[in-house]
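Structure file target.csv with CSV, C-alpha atoms:
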```
chain,number,residue,atom,x,y,z
A,174,MET,CA,-95.1,20.8,-27.6
A,175,HIS,CA,-93.6,19.5,-24.4
A,176,ALA,CA,-95.3,16.8,-22.3
A,177,ALA,CA,-94.3,18.2,-18.9
A,178,VAL,CA,-93.1,21.3,-17.2
A,179,SER,CA,-89.8,19.6,-16.6
A,180,ASP,CA,-89.2,19.5,-20.4
A,181,PHE,CA,-90.0,23.2,-20.7
A,182,ILE,CA,-87.4,23.9,-18.0
A,183,VAL,CA,-84.7,21.9,-19.8
A,184,ASP,CA,-85.5,23.6,-23.1
A,185,CYS,CA,-85.4,27.2,-21.7
A,186,LEU,CA,-82.3,26.5,-19.6
A,187,GLN,CA,-80.6,25.4,-22.8
A,188,ASN,CA,-81.3,28.8,-24.2
A,189,SER,CA,-79.3,30.4,-21.3
A,190,VAL,CA,-76.4,28.1,-21.9
A,191,GLU,CA,-76.5,28.9,-25.6
A,192,ALA,CA,-76.6,32.6,-24.7
A,193,LYS,CA,-73.1,32.0,-23.3
A,194,ALA,CA,-74.2,32.7,-19.7
A,195,SER,CA,-71.6,32.2,-17.0
A,196,GLU,CA,-74.1,32.4,-14.2
A,197,ILE,CA,-77.6,30.8,-14.4
A,198,LEU,CA,-80.2,30.6,-11.6
A,199,LEU,CA,-82.9,28.1,-11.8
A,200,GLU,CA,-85.6,28.4,-9.1
A,201,VAL,CA,-88.5,25.9,-9.0
A,202,ASP,CA,-91.2,26.6,-6.4
A,203,GLN,CA,-93.9,23.9,-6.2
A,204,THR,CA,-97.0,23.8,-4.2
A,205,GLU,CA,-99.9,21.4,-4.3
A,206,THR,CA,-101.6,23.6,-6.9
A,207,SER,CA,-98.9,25.4,-8.8
A,208,ILE,CA,-95.4,25.3,-10.1
A,209,ALA,CA,-93.4,28.6,-10.5
A,210,VAL,CA,-90.1,28.7,-12.4
A,211,LEU,CA,-87.5,31.4,-12.6
A,212,ILE,CA,-84.6,31.1,-15.1
A,213,LYS,CA,-82.2,34.0,-14.8
A,214,ASP,CA,-79.0,34.3,-16.7
A,215,ASN,CA,-76.2,36.7,-17.5
A,216,GLY,CA,-75.9,35.7,-21.1
A,217,CYS,CA,-75.9,37.9,-24.2
A,218,GLY,CA,-79.4,39.1,-23.6
A,219,MET,CA,-81.8,40.6,-26.2
A,220,SER,CA,-82.8,44.0,-27.3
A,221,CYS,CA,-86.5,44.9,-27.3
A,222,GLY,CA,-86.8,44.0,-30.9
A,223,GLU,CA,-85.0,40.7,-30.5
A,224,LEU,CA,-87.1,39.8,-27.5
A,225,GLU,CA,-90.2,40.4,-29.6
A,226,LYS,CA,-88.8,38.2,-32.4
A,227,ALA,CA,-87.8,35.5,-29.9
A,228,LEU,CA,-91.5,35.0,-29.1
A,229,ASP,CA,-92.2,34.5,-32.8
A,230,PRO,CA,-92.0,30.8,-33.7
A,231,PHE,CA,-90.6,31.5,-37.1
A,232,PHE,CA,-87.6,33.4,-35.8
A,233,THR,CA,-84.2,32.1,-34.8
A,234,ASP,CA,-81.1,34.2,-34.8
A,235,GLY,CA,-79.5,32.1,-37.5
A,236,VAL,CA,-76.3,31.9,-35.5
A,237,LYS,CA,-76.7,29.4,-32.7
A,238,HIS,CA,-78.4,26.8,-34.9
A,239,VAL,CA,-77.3,27.7,-38.4
A,240,HIS,CA,-79.6,25.3,-40.3
A,241,ARG,CA,-82.7,25.9,-38.3
A,242,LYS,CA,-85.6,27.9,-39.7
A,243,VAL,CA,-87.7,28.1,-36.5
A,244,GLY,CA,-87.3,28.9,-32.8
A,245,LEU,CA,-90.0,27.2,-31.0
A,246,GLY,CA,-89.0,27.0,-27.4
A,247,LEU,CA,-90.3,30.3,-26.1
A,248,PRO,CA,-93.4,30.6,-28.3
A,249,PHE,CA,-94.6,27.1,-27.4
A,250,LEU,CA,-94.0,27.8,-23.7
A,251,LYS,CA,-96.0,31.1,-23.9
A,252,GLN,CA,-98.8,29.3,-25.8
A,253,ALA,CA,-98.9,26.4,-23.3
A,254,ILE,CA,-99.2,29.0,-20.5
A,255,GLU,CA,-101.8,30.9,-22.2
A,256,LEU,CA,-103.9,27.8,-22.8
A,257,ALA,CA,-103.6,26.9,-19.2
A,258,GLU,CA,-104.1,30.4,-17.9
A,259,GLY,CA,-100.8,30.6,-16.2
A,260,LEU,CA,-98.3,33.4,-15.9
A,261,PHE,CA,-95.5,34.2,-18.3
A,262,ASP,CA,-93.0,37.0,-18.1
A,263,ILE,CA,-89.7,37.5,-19.9
A,264,GLN,CA,-87.3,40.5,-19.4
A,265,SER,CA,-84.0,40.9,-21.2
A,266,VAL,CA,-81.2,43.5,-21.5
A,267,LYS,CA,-78.8,43.2,-24.4
A,268,GLY,CA,-75.4,42.5,-23.1
A,269,GLU,CA,-76.6,41.8,-19.6
A,270,GLY,CA,-78.9,38.8,-19.6
A,271,THR,CA,-82.4,37.5,-19.5
A,272,GLU,CA,-84.9,36.7,-16.8
A,273,LEU,CA,-87.7,34.3,-17.6
A,274,ARG,CA,-90.5,33.6,-15.1
A,275,PHE,CA,-93.5,31.3,-15.6
A,276,THR,CA,-96.1,29.7,-13.5
A,277,PHE,CA,-98.5,26.9,-14.3
A,278,ASN,CA,-101.6,26.3,-12.3
A,279,LEU,CA,-101.4,22.5,-11.8
A,280,GLU,CA,-105.2,22.3,-11.2
A,281,HIS,CA,-106.0,23.7,-14.6
A,282,PHE,CA,-107.2,21.1,-17.0
A,283,ASP,CA,-104.9,22.2,-19.8
A,284,SER,CA,-101.8,22.4,-17.6
A,285,PRO,CA,-99.0,19.9,-18.3
A,286,PRO,CA,-97.9,17.8,-15.3
A,287,PRO,CA,-94.7,18.8,-13.4
A,288,GLY,CA,-92.9,15.8,-14.9
A,289,ARG,CA,-89.7,14.2,-13.6
A,290,LEU,CA,-87.9,17.2,-12.1
A,291,ASP,CA,-85.1,15.0,-10.8
A,292,LYS,CA,-84.3,14.0,-14.4
A,293,ALA,CA,-84.6,17.6,-15.6
A,294,PHE,CA,-82.1,18.7,-12.9
A,295,LEU,CA,-79.6,16.2,-14.1
A,296,GLN,CA,-80.1,17.2,-17.7
A,297,VAL,CA,-79.6,20.9,-17.1
A,298,LEU,CA,-76.3,20.1,-15.3
A,299,MET,CA,-75.1,18.1,-18.2
A,300,PHE,CA,-74.9,20.7,-21.0
A,301,SER,CA,-71.5,21.3,-22.4
A,302,GLY,CA,-70.0,24.5,-21.3
A,303,ASP,CA,-68.4,26.4,-18.5
A,304,TYR,CA,-71.5,27.8,-16.8
A,305,ASN,CA,-72.3,27.9,-13.1
A,306,LEU,CA,-75.8,26.9,-12.5
A,307,THR,CA,-77.5,27.3,-9.1
A,308,ILE,CA,-80.6,25.3,-8.6
A,309,VAL,CA,-83.0,26.4,-5.8
A,310,ARG,CA,-85.8,23.9,-5.4
A,311,LYS,CA,-88.7,24.7,-3.1
A,312,CYS,CA,-91.7,22.6,-2.2
A,313,SER,CA,-94.6,23.6,0.0
A,314,THR,CA,-97.8,21.7,1.0
A,315,GLY,CA,-100.1,23.1,3.6
A,316,ASP,CA,-98.0,24.0,6.6
A,317,PHE,CA,-94.9,22.3,5.4
A,318,SER,CA,-92.2,23.9,3.3
A,319,ASP,CA,-88.7,22.7,2.4
A,320,GLN,CA,-86.0,23.5,-0.1
A,321,TRP,CA,-82.7,22.3,-1.3
A,322,GLU,CA,-80.0,24.1,-3.3
A,323,LEU,CA,-77.2,22.9,-5.6
A,324,SER,CA,-74.4,24.6,-7.4
A,325,ARG,CA,-73.0,23.1,-10.6
A,326,GLY,CA,-69.6,24.5,-9.8
A,327,GLU,CA,-69.5,22.9,-6.3
A,328,LEU,CA,-70.8,19.6,-7.8
A,329,ILE,CA,-68.0,19.5,-10.4
A,330,GLU,CA,-65.5,20.4,-7.7
A,331,ILE,CA,-66.6,17.4,-5.6
A,332,LEU,CA,-67.3,14.9,-8.3
A,333,GLY,CA,-65.1,15.9,-11.2
A,334,SER,CA,-66.3,16.4,-14.7
A,335,LEU,CA,-70.1,15.8,-15.1
A,336,GLU,CA,-69.3,14.2,-18.5
A,337,ASN,CA,-67.9,11.2,-16.7
A,338,SER,CA,-70.4,8.4,-16.1
A,339,ARG,CA,-69.2,7.9,-12.5
A,340,SER,CA,-69.8,11.5,-11.7
A,341,LEU,CA,-73.2,11.3,-13.3
A,342,VAL,CA,-74.3,8.3,-11.2
A,343,MET,CA,-73.4,10.1,-8.0
A,344,ALA,CA,-74.9,13.4,-9.2
A,345,ARG,CA,-78.1,11.6,-10.2
A,346,ASP,CA,-78.3,9.8,-6.9
A,347,PHE,CA,-77.6,13.0,-4.9
A,348,ILE,CA,-80.4,14.8,-6.7
A,349,ARG,CA,-82.8,12.0,-6.2
A,350,ASN,CA,-81.8,11.9,-2.5
A,351,GLN,CA,-82.5,15.6,-2.1
A,352,GLU,CA,-85.9,15.2,-3.8
A,353,ASP,CA,-86.9,12.2,-1.8
A,354,SER,CA,-85.9,13.7,1.5
A,355,MET,CA,-88.3,16.5,0.8
A,356,LYS,CA,-91.1,14.1,0.0
A,357,ARG,CA,-90.4,12.1,3.2
A,358,GLN,CA,-90.9,15.1,5.4
A,359,GLU,CA,-94.1,15.8,3.5
A,360,LYS,CA,-95.5,12.4,4.5
A,361,THR,CA,-94.5,12.5,8.2
A,362,ASP,CA,-95.8,16.0,8.6
A,363,GLY,CA,-99.2,15.9,10.1
B,232,MET,CA,-77.3,13.6,2.0
B,233,THR,CA,-75.2,16.7,2.4
B,234,LEU,CA,-72.4,17.9,0.1
B,235,GLU,CA,-69.9,16.6,2.6
B,236,ASP,CA,-71.5,13.1,2.4
B,237,LEU,CA,-71.2,13.3,-1.3
B,238,ARG,CA,-67.6,14.3,-1.1
B,239,LYS,CA,-66.9,11.3,1.2
B,240,LEU,CA,-68.8,8.9,-1.0
B,241,ARG,CA,-66.7,10.1,-4.0
B,242,GLU,CA,-63.5,9.6,-2.1
B,243,SER,CA,-64.5,6.0,-1.1
B,244,LYS,CA,-65.4,5.1,-4.6
B,245,LYS,CA,-62.0,6.3,-5.9
B,246,SER,CA,-60.2,3.5,-4.1
B,247,GLU,CA,-62.3,0.8,-5.7
B,248,ILE,CA,-60.7,-1.4,-8.3
B,249,GLU,CA,-61.6,0.0,-11.7
B,250,LYS,CA,-61.7,-1.6,-15.1
B,251,ARG,CA,-59.8,0.5,-17.6
B,252,ASN,CA,-60.2,0.7,-21.3
B,253,SER,CA,-57.0,-0.9,-22.9
B,254,GLU,CA,-55.8,2.3,-24.6
B,255,GLY,CA,-56.7,4.5,-21.6
B,256,LYS,CA,-58.8,6.8,-23.8
B,257,ASP,CA,-62.4,7.6,-23.0
B,258,VAL,CA,-65.4,5.8,-24.4
B,259,GLU,CA,-68.0,8.4,-25.5
B,260,ILE,CA,-71.7,7.9,-25.4
B,261,ILE,CA,-73.6,10.8,-27.0
B,262,ILE,CA,-77.3,10.6,-26.7
B,263,GLY,CA,-79.7,12.6,-28.9
B,264,MET,CA,-81.9,14.6,-26.5
B,265,GLY,CA,-83.7,16.8,-28.9
B,266,THR,CA,-87.5,17.0,-28.8
B,267,CYS,CA,-87.8,13.9,-31.1
B,268,GLY,CA,-85.5,12.0,-28.8
B,269,ILE,CA,-87.2,13.0,-25.6
B,270,ALA,CA,-90.6,12.1,-27.2
B,271,ALA,CA,-89.3,8.6,-28.0
B,272,GLY,CA,-87.9,8.0,-24.5
B,273,ALA,CA,-84.3,9.2,-24.6
B,274,LYS,CA,-84.5,10.2,-20.9
B,275,GLU,CA,-85.0,6.6,-20.0
B,276,SER,CA,-82.2,5.5,-22.3
B,277,LEU,CA,-79.9,8.0,-20.6
B,278,ASP,CA,-80.7,6.5,-17.2
B,279,SER,CA,-80.2,3.1,-18.6
B,280,PHE,CA,-76.8,3.9,-20.0
B,281,ILE,CA,-75.7,5.5,-16.7
B,282,ASP,CA,-76.9,2.4,-14.8
B,283,ALA,CA,-75.3,-0.1,-17.2
B,284,VAL,CA,-71.9,1.7,-17.2
B,285,ASP,CA,-72.0,1.8,-13.4
B,286,LYS,CA,-73.0,-1.9,-13.2
B,287,HIS,CA,-70.0,-2.9,-15.3
B,288,GLY,CA,-67.7,-0.8,-13.2
B,289,LEU,CA,-66.4,1.2,-16.1
B,290,SER,CA,-64.7,4.4,-15.2
B,291,ASN,CA,-63.5,6.0,-18.4
B,292,VAL,CA,-66.8,6.6,-20.0
B,293,THR,CA,-68.2,10.0,-20.8
B,294,VAL,CA,-71.9,10.5,-21.4
B,295,LYS,CA,-73.1,13.6,-23.2
B,296,GLN,CA,-76.3,14.9,-24.6
B,297,THR,CA,-76.7,16.4,-28.0
B,298,GLY,CA,-79.6,17.7,-30.1
B,299,CYS,CA,-81.4,16.0,-32.9
B,300,MET,CA,-79.1,14.1,-35.2
B,301,GLY,CA,-81.6,14.1,-38.1
B,302,LEU,CA,-82.7,10.4,-37.5
B,303,CYS,CA,-86.0,11.4,-36.0
B,304,TYR,CA,-87.8,8.3,-37.3
B,305,VAL,CA,-85.6,6.0,-35.3
B,306,GLU,CA,-85.2,7.9,-32.1
B,307,PRO,CA,-83.8,7.5,-29.5
B,308,THR,CA,-80.5,7.7,-31.2
B,309,VAL,CA,-77.1,7.3,-29.6
B,310,GLU,CA,-73.6,7.7,-31.0
B,311,VAL,CA,-71.1,5.4,-29.5
B,312,LYS,CA,-67.3,6.0,-29.8
B,313,VAL,CA,-65.1,3.3,-28.5
B,314,PRO,CA,-61.3,3.6,-29.2
B,315,GLY,CA,-60.3,0.9,-31.7
B,316,MET,CA,-63.9,0.5,-33.0
B,317,PRO,CA,-65.8,2.4,-35.7
B,318,ASP,CA,-67.9,5.3,-34.5
B,319,THR,CA,-71.4,4.0,-34.6
B,320,ILE,CA,-74.8,5.6,-34.5
B,321,TYR,CA,-77.5,3.4,-33.1
B,322,GLY,CA,-81.3,3.9,-33.4
B,323,LYS,CA,-84.4,2.7,-31.6
B,324,VAL,CA,-82.3,2.7,-28.4
B,325,ASP,CA,-84.7,2.1,-25.6
B,326,ALA,CA,-83.6,1.2,-22.0
B,327,ALA,CA,-83.0,-2.5,-22.9
B,328,VAL,CA,-81.0,-1.7,-26.0
B,329,ALA,CA,-79.0,0.8,-24.1
B,330,ALA,CA,-78.0,-1.9,-21.6
B,331,GLN,CA,-77.2,-4.3,-24.5
B,332,ILE,CA,-75.0,-1.7,-26.2
B,333,VAL,CA,-72.9,-1.2,-23.0
B,334,GLU,CA,-72.6,-5.0,-22.7
B,335,ASP,CA,-71.9,-5.9,-26.3
B,336,HIS,CA,-70.3,-2.8,-27.9
B,337,ILE,CA,-68.4,-1.2,-25.0
B,338,VAL,CA,-67.5,-4.2,-22.9
B,339,ASN,CA,-67.3,-7.0,-25.5
B,340,LYS,CA,-66.3,-4.9,-28.5
B,341,ALA,CA,-69.1,-6.3,-30.6
B,342,LEU,CA,-71.4,-4.2,-32.7
B,343,VAL,CA,-75.1,-4.5,-32.0
B,344,ASN,CA,-75.9,-5.0,-35.7
B,345,ASN,CA,-79.7,-4.8,-35.8
B,346,HIS,CA,-79.7,-1.3,-34.3
B,347,ILE,CA,-77.1,0.4,-36.5
B,348,PHE,CA,-78.5,3.3,-38.4
B,349,ASP,CA,-75.3,4.9,-39.6
B,350,LYS,CA,-73.2,2.1,-41.0
B,351,PRO,CA,-69.5,2.4,-40.3
B,352,ALA,CA,-68.7,0.1,-43.3
B,353,ALA,CA,-70.8,-2.4,-45.1
B,354,ASP,CA,-68.4,-5.3,-44.7
B,355,ILE,CA,-68.3,-5.3,-40.9
B,356,ILE,CA,-72.1,-5.5,-40.6
B,357,LYS,CA,-73.2,-9.1,-40.3
B,358,GLU,CA,-76.7,-9.7,-41.8
```
Any chance you could put this one into structure tokens?
Amino acid sequence: MHAAVSDFIVDCLQNSVEAKASEILLEVDQTETSIAVLIKDNGCGMSCGELEKALDPFFTDGVKHVHRKVGLGLPFLKQAIELAEGLFDIQSVKGEGTELRFTFNLEHFDSPPPGRLDKAFLQVLMFSGDYNLTIVRKCSTGDFSDQWELSRGELIEILGSLENSRSLVMARDFIRNQEDSMKRQEKTDG
Amino acid sequence: MTLEDLRKLRESKKSEIEKRNSEGKDVEIIIGMGTCGIAAGAKESLDSFIDAVDKHGLSNVTVKQTGCMGLCYVEPTVEVKVPGMPDTIYGKVDAAVAAQIVEDHIVNKALVNNHIFDKPAADIIKE
């Protein structure tokens, strides 16, 4: 369904926001051959039965999107991973939250590309809601390894509302700067 | 760039001269970022809106993302709300049209007629 891993990330993170999570953790760990994603939230969570249904494309809870007849996000992610022989795991506890982990082998022919993660990071910060999101972004190639972290709460505290276009320009440039400074180290290393 | 650098940058920008909307109310740009929108290039439109608003030095503009507005056949779609003008839904908004909307609709208060997909009122649309 989605063209790139970045799109899957935005899609699944939206689920956490819609689950009314107040704390969300997004970890993206990328190597030359793989990309591993963790999305952990303290939202409403799902019971065993609900979790099973969540993986059914014809199921949606009828509450968060009243007119929808399908819930495609998780089923399509699971399918994409199965086709690309990656890893997929989802755990959830009703009333406590959900933890979604998936890994794509980027060398697999059927794997989607990583996509524009910088744009995805901005998009996931822009959802409406009072959620604190922590992004932990890791990159490793050979001997080199680097990471940067960002907290939505801190960003809002510094820039003001992320609905304001001025804040968005600065947030976008900040994220791109963090991403680029990782790549620069990559090039100068060895 | 550290968070401290970002904080200083923000402080320095606050003191720049800003153009304000005459009524002091916020201009809203709501971009459809559902799967249909994304497939049609809404991410590039979002970037273009942010750039164009920044370029024109506008300070009271909010940019939000929404899901599918049901106009999948003319994605990317954008709803533009400027105080004093009719709320308008534009379709086929690529990066270039996004810049045009900021210049024409938001700055010059003129509708971009050939991209309107939800007509505010038939008499204000010029053929």
Can you tell me how far atom CA of Ala177 of chain A sits from atom CA of Pro287 of chain A, in Å to one decimal?
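Atom-to-atom, atom CA of Ala177 of chain A and atom CA of Pro287 of chain A are spaced 5.5 Å apart.
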Which residues, written as a list in words, have at least one atom at most 12 Å from Ile254 of chain A, with only C-alpha atoms counted and residues fewer than 5 positions away on the same chain left out?
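Counting only the stated atoms, we get Met174, His175, Ala177, Val178, Phe181, Ile208, Ala209, Leu247, Pro248, Phe249, Gly259, Leu260, Phe261, Asp262, Arg274, Phe275, Thr276, Phe277, Asn278, Leu279, His281, Phe282, Asp283, Ser284 and Pro285 of chain A.
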Residues of chain A within 6 Å of chain B, counting only C-alpha atoms, what are they? List them as a list of chain:residue names.
A:Ile331, A:Glu336, A:Asn337, A:Ser338
Provide the atom CA of Val210 of chain A to atom CA of Glu225 of chain A distance in Å, to one decimal place.
20.8 Å
Please indicate the distance in Å from atom CA of Arg349 of chain A to atom CA of Asp291 of chain A, rounded to one decimal place.
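Result for atom CA of Arg349 of chain A versus atom CA of Asp291 of chain A: 6.0 Å, one decimal.
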Restricting the calculation to all atoms listed in the file: of B:Val343, B:Ala271, B:Thr308, B:Asp349, which residue gets closest to Val324 of chain B?
B:Thr308
Contact residues around Glu280 of chain A with all atoms listed in the file at 9 Å, ignoring same-chain residues under 5 positions, as an mmCIF file with C-alpha atoms, keeping the file's coordinate frame:
```
data_model
loop_
_atom_site.group_PDB
_atom_site.id
_atom_site.type_symbol
_atom_site.label_atom_id
_atom_site.label_comp_id
_atom_site.auth_asym_id
_atom_site.auth_seq_id
_atom_site.Cartn_x
_atom_site.Cartn_y
_atom_site.Cartn_z
ATOM 1 C CA GLU A 205 -99.900 21.400 -4.300
ATOM 2 C CA THR A 206 -101.600 23.600 -6.900
ATOM 3 C CA SER A 207 -98.900 25.400 -8.800
#
```
Which is closest to Gly322 of chain B among B:Lys286, B:His346, B:Lys340, B:Lys256, if we use only C-alpha atoms?
B:His346
Compile the contact shell of Val183 of chain A as a PyMOL selection string: residues with an atom at most 7 Å away, counting all atoms listed in the file, same-chain residues fewer than 6 positions apart removed.
chain A and resi 293+296-297
N, CA and C atoms restored at segment 189-217 of chain A, emitted as a CSV table (one decimal), keeping the file's coordinate frame:
```
chain,number,residue,atom,x,y,z
A,189,SER,N,-80.3,29.6,-22.1
A,189,SER,CA,-79.3,30.4,-21.3
A,189,SER,C,-77.9,29.9,-21.5
A,190,VAL,N,-77.7,28.6,-21.7
A,190,VAL,CA,-76.4,28.1,-21.9
A,190,VAL,C,-75.9,28.5,-23.3
A,191,GLU,N,-76.8,28.5,-24.3
A,191,GLU,CA,-76.5,28.9,-25.6
A,191,GLU,C,-76.3,30.4,-25.7
A,192,ALA,N,-76.8,31.1,-24.8
A,192,ALA,CA,-76.6,32.6,-24.7
A,192,ALA,C,-75.2,32.9,-24.1
A,193,LYS,N,-74.4,31.8,-23.9
A,193,LYS,CA,-73.1,32.0,-23.3
A,193,LYS,C,-73.1,32.6,-21.9
A,194,ALA,N,-74.1,32.2,-21.1
A,194,ALA,CA,-74.2,32.7,-19.7
A,194,ALA,C,-73.1,32.0,-18.9
A,195,SER,N,-72.5,32.8,-18.0
A,195,SER,CA,-71.6,32.2,-17.0
A,195,SER,C,-72.3,31.9,-15.7
A,196,GLU,N,-73.4,32.6,-15.5
A,196,GLU,CA,-74.1,32.4,-14.2
A,196,GLU,C,-75.6,32.2,-14.6
A,197,ILE,N,-76.1,31.1,-14.1
A,197,ILE,CA,-77.6,30.8,-14.4
A,197,ILE,C,-78.2,30.4,-13.1
A,198,LEU,N,-79.4,31.0,-12.8
A,198,LEU,CA,-80.2,30.6,-11.6
A,198,LEU,C,-81.4,30.0,-12.1
A,199,LEU,N,-81.7,28.8,-11.5
A,199,LEU,CA,-82.9,28.1,-11.8
A,199,LEU,C,-83.7,27.9,-10.5
A,200,GLU,N,-84.8,28.5,-10.4
A,200,GLU,CA,-85.6,28.4,-9.1
A,200,GLU,C,-86.9,27.7,-9.5
A,201,VAL,N,-87.2,26.6,-8.8
A,201,VAL,CA,-88.5,25.9,-9.0
A,201,VAL,C,-89.2,25.9,-7.7
A,202,ASP,N,-90.4,26.5,-7.7
A,202,ASP,CA,-91.2,26.6,-6.4
A,202,ASP,C,-92.5,25.9,-6.7
A,203,GLN,N,-92.7,24.8,-6.0
A,203,GLN,CA,-93.9,23.9,-6.2
A,203,GLN,C,-94.8,23.9,-5.0
A,204,THR,N,-96.1,24.0,-5.2
A,204,THR,CA,-97.0,23.8,-4.2
A,204,THR,C,-98.0,22.7,-4.7
A,205,GLU,N,-99.0,22.5,-3.9
A,205,GLU,CA,-99.9,21.4,-4.3
A,205,GLU,C,-100.7,21.9,-5.6
A,206,THR,N,-100.8,23.2,-5.8
A,206,THR,CA,-101.6,23.6,-6.9
A,206,THR,C,-100.9,24.4,-8.0
A,207,SER,N,-99.6,24.6,-7.7
A,207,SER,CA,-98.9,25.4,-8.8
A,207,SER,C,-97.4,25.1,-8.8
A,208,ILE,N,-96.8,25.5,-9.9
A,208,ILE,CA,-95.4,25.3,-10.1
A,208,ILE,C,-94.8,26.6,-10.7
A,209,ALA,N,-93.9,27.3,-10.0
A,209,ALA,CA,-93.4,28.6,-10.5
A,209,ALA,C,-91.9,28.4,-10.8
A,210,VAL,N,-91.5,28.9,-12.0
A,210,VAL,CA,-90.1,28.7,-12.4
A,210,VAL,C,-89.5,30.0,-12.7
A,211,LEU,N,-88.3,30.2,-12.3
A,211,LEU,CA,-87.5,31.4,-12.6
A,211,LEU,C,-86.2,30.9,-13.3
A,212,ILE,N,-85.9,31.4,-14.5
A,212,ILE,CA,-84.6,31.1,-15.1
A,212,ILE,C,-84.0,32.4,-15.4
A,213,LYS,N,-82.9,32.7,-14.7
A,213,LYS,CA,-82.2,34.0,-14.8
A,213,LYS,C,-80.8,33.8,-15.2
A,214,ASP,N,-80.3,34.5,-16.2
A,214,ASP,CA,-79.0,34.3,-16.7
A,214,ASP,C,-78.3,35.6,-17.0
A,215,ASN,N,-77.0,35.5,-17.1
A,215,ASN,CA,-76.2,36.7,-17.5
A,215,ASN,C,-75.6,36.5,-18.9
A,216,GLY,N,-76.4,35.9,-19.7
A,216,GLY,CA,-75.9,35.7,-21.1
A,216,GLY,C,-76.0,36.9,-21.9
A,217,CYS,N,-76.0,36.7,-23.3
A,217,CYS,CA,-75.9,37.9,-24.2
A,217,CYS,C,-77.1,38.8,-24.2
```
